[in-house]
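Presented below is the structure to which this report refers.
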Amino acid sequence: MLDFTPITRPYFRRLSDKASGWLGHTEEVQRRVLASLVRRGRDTLWGESHSFSNVTGYDSFRRAIPLPVPYPELRPLVMRMANGEKNILWPGTTRRFAQSSGTSDGKSKYIPVTRESLNESHYRGGAHVVASYLRLYPDSRLFSGKSFILGGSFASELATPPGVKVGDLSATLIEGISPVADLVRVPSRRIALMSDWQKKLPALIEASLKENITNISGVPSWFLTVLKGVVSAAGAETIHDVWPGLEVFFHGGISMAPYHDEYARITHRDKMRYINCYNASEGFFGVQDVRDDESMLLLLDAGTFYEFQPLDGSDPVPAWKVEEGRVYALVITSCNGLWRYPLGDTVRIESTEPLRISIAGRTKCFINAFGEELMVDNADSAIARVCRETGASVANYTAAPVYADGNRRGRHEWLIEFEREPASVDDFALRLDKALQEENSDYEAKRAHGIFLDPLTIVRGRPGVFDAWLASTGRLGGQRKVPRLSNSRHPMDEILLFNTVSQKNII
């Protein structure tokens, strides 16, 4: 196949130069985005009820919507949109909705995917990813082969009128992609949108096996299964024996840290590159723009206005007032009709000029049952470190508190499905407990001298236990993820029901 990379470089160079132009202009760019969003939302039901005609800037916008608006408050309006009503949260009729993980009331979220959010956020974000990558790697031959994009399907329990579809965001992105892009993409739409993963997995392997793949995009945990299937089907040792032109994995959704070693085992390390992306059902927000640094440049002109709420619950601040090194809960206003919407993610400000962030975790995905404030990034880093030390690899994990009972103090319980088990799970547990103390001083303080917390315990997960649980919830495949940490026993107790556990499994 001809290499079209040199032909496309000028377009992506202009996009990269535009991102470089944000330096020193965060406030100007973001105020312009907010003004555009408010102007377009003025004549909607939401805009009229919040007096958008009187909004002239950020201060009046905050007065119009005094507090962040969580999803349960938006649900009735989103349901009206899904039933075909127009001009509710965003102008016009919305016919695509991304089904996302459940809220605290146990119900799924349906995120509007408007034409504007596709073009201004998701697709523009994807273009920024390519632009950043080509700038970082001038030797790239990205367009000398095909892209392998792993996505989900349109599958939902929600009844909708004809013409309205609900499912994984990736299904909408694949369905709406340019016919030209289809020529350089694997697999076909028919396979990409299959909902039965038992049939989809072998179809993905067969469809990609003999293609010239130069880049892959998806969630690390799911793609690892696919790549191992391709390597096995080809009778090869590494994926580069099958696809010698493979050069980059554009990944997002979950941290790559626990999976780096496993990917290293099935790739040629000197050929494989990794680019971190911050893409969610609600929008495309960030992309790695520095080699060997997984922090991400916040996309300031991609249809989203950002606010950052301190974890003490005080008022959110705009992007131009954040403090380097601080962790915030992310609040967005976007061209899909979400207004001052708490995304559920926490981010750490790595630098303010340019504005770079890293994902710290989820606002509801942490353990603070004993004052330890353990975050997902602590857990991911500790797991990755202990895997390197022990030669183990982890397919999936979740952790939850166990409260004091009788003579036992409280502790953390971990359910870990190993891809490759360590020589000793006892030793792995001890090392993990130590690594968590080194990652998190609050956890270290609670573990000091065993006064407040006992050492963590590990339950071995049987192969496929997390997939079985996800399938039972209708969330298997695509962008669906296992909650890493929980401050309660949900979903740990549910997942344990799918695991065959005996006393010898518990360390």
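Ordering of the structure tokens sets the chain letters (A, B, ...), residue numbers begin anew at 1 in every chain, and ligands are numbered from 1 in the order given.
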So that I can see what lies close to Val55 (chain A), please list as a tab-separated table (two decimals) with N, CA and C atoms, in the first residue's frame the residues with an atom at most 10 Å from it, counting only C-alpha atoms and leaving out residues fewer than 3 positions away in the same chain.
chain	number	residue	atom	x	y	z
A	35	ALA	N	-18.95	31.34	25.01
A	35	ALA	CA	-19.87	32.27	24.34
A	35	ALA	C	-20.60	31.57	23.20
A	38	VAL	N	-23.28	29.09	24.74
A	38	VAL	CA	-24.43	29.81	25.29
A	38	VAL	C	-25.30	30.38	24.16
A	39	ARG	N	-24.66	30.93	23.14
A	39	ARG	CA	-25.41	31.50	22.02
A	39	ARG	C	-26.27	30.43	21.35
A	42	ARG	N	-29.32	29.21	23.55
A	42	ARG	CA	-30.22	30.27	24.05
A	42	ARG	C	-31.69	29.95	23.84
A	47	GLY	N	-32.02	26.70	27.86
A	47	GLY	CA	-31.54	28.07	27.76
A	47	GLY	C	-32.58	29.09	28.17
A	50	HIS	N	-33.10	29.10	31.95
A	50	HIS	CA	-31.96	29.61	32.71
A	50	HIS	C	-31.53	30.99	32.22
A	51	SER	N	-32.41	31.65	31.48
A	51	SER	CA	-32.19	33.05	31.07
A	51	SER	C	-30.85	33.25	30.36
A	52	PHE	N	-30.58	32.38	29.38
A	52	PHE	CA	-29.33	32.52	28.64
A	52	PHE	C	-29.26	33.83	27.87
A	58	TYR	N	-18.57	34.61	31.70
A	58	TYR	CA	-18.47	33.50	32.64
A	58	TYR	C	-19.19	33.79	33.95
A	59	ASP	N	-19.07	34.99	34.49
A	59	ASP	CA	-19.69	35.30	35.78
A	59	ASP	C	-21.21	35.19	35.69
A	60	SER	N	-21.80	35.74	34.64
A	60	SER	CA	-23.27	35.65	34.51
A	60	SER	C	-23.71	34.22	34.18
A	61	PHE	N	-22.85	33.46	33.51
A	61	PHE	CA	-23.14	32.05	33.25
A	61	PHE	C	-23.25	31.29	34.57
A	62	ARG	N	-22.31	31.55	35.49
A	62	ARG	CA	-22.36	30.88	36.80
A	62	ARG	C	-23.60	31.30	37.59
A	63	ARG	N	-24.03	32.53	37.43
A	63	ARG	CA	-25.24	32.94	38.12
A	63	ARG	C	-26.47	32.28	37.52
A	64	ALA	N	-26.45	32.06	36.21
A	64	ALA	CA	-27.58	31.42	35.55
A	64	ALA	C	-27.71	29.95	35.96
Quick one: which region 284-402 of chain A residues come within 12 Å of region 423-434 of chain A, and what is the nearest atom pair for each with the distance in Å to one decimal, counting only C-alpha atoms, rows ordered by chain and ascending number, as a tab-separated table?
residue	atom	partner	partner_atom	distance
A:Leu374	CA	A:Asp433	CA	11.9
A:Asn378	CA	A:Leu432	CA	10.8
A:Ala379	CA	A:Leu432	CA	8.9
A:Asp380	CA	A:Leu432	CA	10.6
A:Ser381	CA	A:Leu432	CA	10.0
A:Ala382	CA	A:Leu432	CA	6.2
A:Ile383	CA	A:Leu432	CA	6.6
A:Ala384	CA	A:Leu432	CA	9.5
A:Arg385	CA	A:Leu432	CA	8.4
A:Val386	CA	A:Leu432	CA	6.1
A:Cys387	CA	A:Phe428	CA	8.2
A:Arg388	CA	A:Phe428	CA	10.8
A:Glu389	CA	A:Arg431	CA	8.7
A:Thr390	CA	A:Phe428	CA	7.2
A:Gly391	CA	A:Ala423	CA	8.4
A:Ala392	CA	A:Ala423	CA	8.1
A:Ser393	CA	A:Phe428	CA	11.0
A:Val394	CA	A:Phe428	CA	11.5
Residues at most 8 Å from Lys165 (chain A), counting only C-alpha atoms, excluding those fewer than 4 positions away in the same chain, as a ChimeraX atom specification?
/A:95-97,154,160
For the residues selected in the previous step, produce a file with all heavy atoms as an mmCIF file, in the first residue's frame.
data_model
loop_
_atom_site.group_PDB
_atom_site.id
_atom_site.type_symbol
_atom_site.label_atom_id
_atom_site.label_comp_id
_atom_site.auth_asym_id
_atom_site.auth_seq_id
_atom_site.Cartn_x
_atom_site.Cartn_y
_atom_site.Cartn_z
ATOM 1 N N ARG A 95 -30.482 12.122 17.670
ATOM 2 C CA ARG A 95 -30.875 10.758 17.323
ATOM 3 C C ARG A 95 -29.877 9.696 17.778
ATOM 4 O O ARG A 95 -30.085 8.513 17.515
ATOM 5 C CB ARG A 95 -31.097 10.648 15.808
ATOM 6 C CG ARG A 95 -32.187 11.588 15.311
ATOM 7 C CD ARG A 95 -32.591 11.291 13.880
ATOM 8 N NE ARG A 95 -33.670 12.188 13.462
ATOM 9 C CZ ARG A 95 -34.944 11.996 13.722
ATOM 10 N NH1 ARG A 95 -35.321 10.922 14.422
ATOM 11 N NH2 ARG A 95 -35.869 12.846 13.298
ATOM 12 N N ARG A 96 -28.793 10.115 18.412
ATOM 13 C CA ARG A 96 -27.824 9.149 18.912
ATOM 14 C C ARG A 96 -27.529 9.445 20.382
ATOM 15 O O ARG A 96 -27.353 10.604 20.772
ATOM 16 C CB ARG A 96 -26.527 9.211 18.104
ATOM 17 C CG ARG A 96 -26.687 8.834 16.635
ATOM 18 C CD ARG A 96 -27.013 7.369 16.466
ATOM 19 N NE ARG A 96 -27.152 7.013 15.058
ATOM 20 C CZ ARG A 96 -28.307 7.044 14.399
ATOM 21 N NH1 ARG A 96 -29.415 7.427 15.023
ATOM 22 N NH2 ARG A 96 -28.352 6.682 13.133
ATOM 23 N N PHE A 97 -27.460 8.385 21.169
ATOM 24 C CA PHE A 97 -27.174 8.524 22.600
ATOM 25 C C PHE A 97 -26.158 7.455 22.997
ATOM 26 O O PHE A 97 -26.280 6.290 22.603
ATOM 27 C CB PHE A 97 -28.449 8.373 23.436
ATOM 28 C CG PHE A 97 -29.445 9.468 23.195
ATOM 29 C CD1 PHE A 97 -30.308 9.407 22.100
ATOM 30 C CD2 PHE A 97 -29.508 10.578 24.023
ATOM 31 C CE1 PHE A 97 -31.216 10.423 21.855
ATOM 32 C CE2 PHE A 97 -30.403 11.600 23.776
ATOM 33 C CZ PHE A 97 -31.262 11.520 22.689
ATOM 34 N N PHE A 154 -24.513 -0.928 19.080
ATOM 35 C CA PHE A 154 -25.788 -0.352 19.485
ATOM 36 C C PHE A 154 -26.580 -1.457 20.175
ATOM 37 O O PHE A 154 -27.151 -2.339 19.531
ATOM 38 C CB PHE A 154 -26.565 0.165 18.270
ATOM 39 C CG PHE A 154 -25.947 1.361 17.611
ATOM 40 C CD1 PHE A 154 -25.362 1.255 16.364
ATOM 41 C CD2 PHE A 154 -25.939 2.597 18.238
ATOM 42 C CE1 PHE A 154 -24.791 2.354 15.747
ATOM 43 C CE2 PHE A 154 -25.358 3.704 17.639
ATOM 44 C CZ PHE A 154 -24.787 3.575 16.381
ATOM 45 N N THR A 160 -36.719 3.208 22.188
ATOM 46 C CA THR A 160 -36.655 4.520 21.550
ATOM 47 C C THR A 160 -37.481 4.523 20.269
ATOM 48 O O THR A 160 -37.758 3.468 19.691
ATOM 49 C CB THR A 160 -35.200 4.889 21.207
ATOM 50 O OG1 THR A 160 -34.645 3.861 20.364
ATOM 51 C CG2 THR A 160 -34.356 5.026 22.457
#
Between region 87-176 of chain A and region 253-275 of chain A, at 10 Å or less, what are the per-residue closest atom pairs and their distances in Å? Count only C-alpha atoms, order by chain and rising residue number, and return it as a Markdown table.
| residue | atom | partner | partner_atom | distance |
| --- | --- | --- | --- | --- |
| A:Val129 | CA | A:Ile275 | CA | 8.0 |
| A:Val130 | CA | A:Ile275 | CA | 9.5 |
| A:Ser132 | CA | A:Ile275 | CA | 9.1 |
| A:Tyr133 | CA | A:Ile275 | CA | 7.4 |
| A:Tyr137 | CA | A:Arg273 | CA | 9.6 |
Please dump the current selection as a short mmCIF file (atom, residue, chain, number, x, y, z; two decimals), in the first residue's frame; keep N, CA and C atoms.
data_model
loop_
_atom_site.label_atom_id
_atom_site.label_comp_id
_atom_site.auth_asym_id
_atom_site.auth_seq_id
_atom_site.Cartn_x
_atom_site.Cartn_y
_atom_site.Cartn_z
N VAL A 129 -5.22 13.98 17.98
CA VAL A 129 -4.38 12.85 18.36
C VAL A 129 -3.37 12.55 17.26
N VAL A 130 -3.87 12.45 16.03
CA VAL A 130 -2.98 12.15 14.91
C VAL A 130 -1.97 13.28 14.71
N SER A 132 -0.78 15.37 16.91
CA SER A 132 0.22 15.33 17.98
C SER A 132 1.23 14.21 17.72
N TYR A 133 0.73 13.06 17.31
CA TYR A 133 1.60 11.92 17.07
C TYR A 133 2.58 12.20 15.92
N TYR A 137 6.67 12.22 16.08
CA TYR A 137 7.41 11.18 15.38
C TYR A 137 7.47 11.50 13.88
#
Given only C-alpha atoms as the counted atoms, nearest of A:Glu444, A:Leu485, A:Ala360, A:Phe452 to Trp414 (chain A):
A:Leu485
Residues within 7 Å of region 15-27 of chain A, only C-alpha atoms, excluding chain neighbours under 2 positions, as a list in words:
Tyr11, Phe12, Arg13, Val29, Gln30, Arg31, His128, Ala131, Ser132, Trp320, Glu353 and Pro354 of chain A
Writer output for current selection, all heavy atoms, as an mmCIF file, in the first residue's frame:
data_model
loop_
_atom_site.group_PDB
_atom_site.id
_atom_site.type_symbol
_atom_site.label_atom_id
_atom_site.label_comp_id
_atom_site.auth_asym_id
_atom_site.auth_seq_id
_atom_site.Cartn_x
_atom_site.Cartn_y
_atom_site.Cartn_z
ATOM 1 N N TYR A 11 -1.809 19.123 6.592
ATOM 2 C CA TYR A 11 -3.075 19.366 7.285
ATOM 3 C C TYR A 11 -2.896 19.190 8.793
ATOM 4 O O TYR A 11 -3.315 20.039 9.590
ATOM 5 C CB TYR A 11 -4.158 18.419 6.775
ATOM 6 C CG TYR A 11 -5.370 18.356 7.676
ATOM 7 C CD1 TYR A 11 -6.308 19.392 7.686
ATOM 8 C CD2 TYR A 11 -5.567 17.276 8.543
ATOM 9 C CE1 TYR A 11 -7.404 19.349 8.528
ATOM 10 C CE2 TYR A 11 -6.663 17.234 9.385
ATOM 11 C CZ TYR A 11 -7.585 18.265 9.380
ATOM 12 O OH TYR A 11 -8.659 18.217 10.219
ATOM 13 N N PHE A 12 -2.270 18.094 9.189
ATOM 14 C CA PHE A 12 -2.111 17.831 10.619
ATOM 15 C C PHE A 12 -1.103 18.781 11.257
ATOM 16 O O PHE A 12 -1.207 19.090 12.442
ATOM 17 C CB PHE A 12 -1.713 16.365 10.836
ATOM 18 C CG PHE A 12 -2.839 15.402 10.560
ATOM 19 C CD1 PHE A 12 -2.807 14.569 9.456
ATOM 20 C CD2 PHE A 12 -3.944 15.348 11.391
ATOM 21 C CE1 PHE A 12 -3.840 13.688 9.195
ATOM 22 C CE2 PHE A 12 -4.986 14.472 11.144
ATOM 23 C CZ PHE A 12 -4.937 13.638 10.039
ATOM 24 N N ARG A 13 -0.145 19.276 10.482
ATOM 25 C CA ARG A 13 0.793 20.250 11.016
ATOM 26 C C ARG A 13 0.071 21.544 11.378
ATOM 27 O O ARG A 13 0.350 22.161 12.410
ATOM 28 C CB ARG A 13 1.905 20.531 10.005
ATOM 29 C CG ARG A 13 3.022 21.419 10.573
ATOM 30 C CD ARG A 13 4.137 21.646 9.553
ATOM 31 N NE ARG A 13 4.786 20.394 9.201
ATOM 32 C CZ ARG A 13 4.763 19.864 7.984
ATOM 33 N NH1 ARG A 13 4.114 20.464 6.994
ATOM 34 N NH2 ARG A 13 5.375 18.725 7.745
ATOM 35 N N VAL A 29 -9.338 31.606 24.659
ATOM 36 C CA VAL A 29 -9.913 30.503 23.878
ATOM 37 C C VAL A 29 -11.136 29.933 24.581
ATOM 38 O O VAL A 29 -12.181 29.692 23.958
ATOM 39 C CB VAL A 29 -8.858 29.399 23.645
ATOM 40 C CG1 VAL A 29 -9.489 28.202 22.934
ATOM 41 C CG2 VAL A 29 -7.690 29.940 22.823
ATOM 42 N N GLN A 30 -11.036 29.717 25.882
ATOM 43 C CA GLN A 30 -12.150 29.124 26.610
ATOM 44 C C GLN A 30 -13.351 30.061 26.729
ATOM 45 O O GLN A 30 -14.506 29.614 26.655
ATOM 46 C CB GLN A 30 -11.684 28.673 27.998
ATOM 47 C CG GLN A 30 -10.993 27.328 27.971
ATOM 48 C CD GLN A 30 -11.989 26.187 27.884
ATOM 49 O OE1 GLN A 30 -12.562 25.746 28.875
ATOM 50 N NE2 GLN A 30 -12.224 25.680 26.677
ATOM 51 N N ARG A 31 -13.122 31.339 26.890
ATOM 52 C CA ARG A 31 -14.255 32.286 26.915
ATOM 53 C C ARG A 31 -14.970 32.284 25.563
ATOM 54 O O ARG A 31 -16.204 32.396 25.506
ATOM 55 C CB ARG A 31 -13.769 33.685 27.269
ATOM 56 C CG ARG A 31 -13.464 33.891 28.753
ATOM 57 C CD ARG A 31 -13.216 35.365 29.061
ATOM 58 N NE ARG A 31 -12.874 35.598 30.448
ATOM 59 C CZ ARG A 31 -13.760 35.742 31.441
ATOM 60 N NH1 ARG A 31 -15.060 35.652 31.161
ATOM 61 N NH2 ARG A 31 -13.360 35.977 32.674
ATOM 62 N N HIS A 128 -6.717 15.763 16.453
ATOM 63 C CA HIS A 128 -5.646 16.293 17.300
ATOM 64 C C HIS A 128 -4.692 15.177 17.737
ATOM 65 O O HIS A 128 -3.481 15.402 17.862
ATOM 66 C CB HIS A 128 -6.229 16.983 18.530
ATOM 67 C CG HIS A 128 -6.528 18.434 18.334
ATOM 68 N ND1 HIS A 128 -5.540 19.373 18.125
ATOM 69 C CD2 HIS A 128 -7.709 19.126 18.327
ATOM 70 C CE1 HIS A 128 -6.082 20.574 18.000
ATOM 71 N NE2 HIS A 128 -7.397 20.450 18.106
ATOM 72 N N ALA A 131 -2.443 14.521 14.819
ATOM 73 C CA ALA A 131 -1.551 15.665 14.645
ATOM 74 C C ALA A 131 -0.429 15.649 15.678
ATOM 75 O O ALA A 131 0.747 15.892 15.361
ATOM 76 C CB ALA A 131 -2.351 16.962 14.748
ATOM 77 N N SER A 132 -0.777 15.368 16.914
ATOM 78 C CA SER A 132 0.224 15.331 17.976
ATOM 79 C C SER A 132 1.231 14.214 17.724
ATOM 80 O O SER A 132 2.445 14.403 17.876
ATOM 81 C CB SER A 132 -0.465 15.131 19.331
ATOM 82 O OG SER A 132 0.479 15.081 20.379
ATOM 83 N N TRP A 320 -8.467 28.890 33.411
ATOM 84 C CA TRP A 320 -7.380 29.862 33.572
ATOM 85 C C TRP A 320 -7.082 30.190 35.030
ATOM 86 O O TRP A 320 -6.215 31.008 35.312
ATOM 87 C CB TRP A 320 -7.696 31.140 32.790
ATOM 88 C CG TRP A 320 -8.977 31.841 33.158
ATOM 89 C CD1 TRP A 320 -9.147 32.801 34.108
ATOM 90 C CD2 TRP A 320 -10.270 31.651 32.561
ATOM 91 N NE1 TRP A 320 -10.455 33.217 34.163
ATOM 92 C CE2 TRP A 320 -11.170 32.529 33.209
ATOM 93 C CE3 TRP A 320 -10.757 30.820 31.538
ATOM 94 C CZ2 TRP A 320 -12.527 32.588 32.882
ATOM 95 C CZ3 TRP A 320 -12.107 30.892 31.208
ATOM 96 C CH2 TRP A 320 -12.969 31.762 31.873
ATOM 97 N N GLU A 353 0.696 26.173 31.799
ATOM 98 C CA GLU A 353 1.064 26.756 30.509
ATOM 99 C C GLU A 353 2.129 25.893 29.847
ATOM 100 O O GLU A 353 3.298 25.982 30.190
ATOM 101 C CB GLU A 353 1.577 28.197 30.694
ATOM 102 C CG GLU A 353 0.521 29.206 31.057
ATOM 103 C CD GLU A 353 -0.516 29.435 29.946
ATOM 104 O OE1 GLU A 353 -0.303 28.945 28.801
ATOM 105 O OE2 GLU A 353 -1.535 30.085 30.226
ATOM 106 N N PRO A 354 1.699 25.022 28.920
ATOM 107 C CA PRO A 354 0.327 24.762 28.493
ATOM 108 C C PRO A 354 -0.442 23.984 29.551
ATOM 109 O O PRO A 354 0.152 23.415 30.472
ATOM 110 C CB PRO A 354 0.513 23.942 27.221
ATOM 111 C CG PRO A 354 1.791 23.208 27.447
ATOM 112 C CD PRO A 354 2.673 24.163 28.197
#
DSSP on the backbone: which residues in region 180-265 of chain A end up as helix (DSSP H, G or I)? Give the answer as a PyMOL selection string.
chain A and resi 180-182+189-192+197-208+220-234+239-242+257-265
Report the residues of region 190-426 of chain A whose backbone DSSP state falls under strand (DSSP E), written as an NGL selection string.
:A and (213-218 or 248-251 or 273-280 or 283-290 or 293-298 or 304-310 or 317-318 or 327-334 or 341-352 or 355-362 or 366-367 or 374-375 or 393-402 or 411-420)
Please measure the separation of CA of Arg124 (chain A) and CA of Arg291 (chain A), giving the value in Å to one decimal.
21.3 Å
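Nearest residue to Ile458 (chain A) among A:Tyr397, A:Tyr306, A:Phe148, A:Phe498 is A:Tyr397, counting only C-alpha atoms.
Nearest-residue note for Arg32 (chain A): choosing from A:Val242, A:Ala448, A:Ile191, A:Leu300, the minimum distance belongs to A:Leu300, counting only C-alpha atoms.
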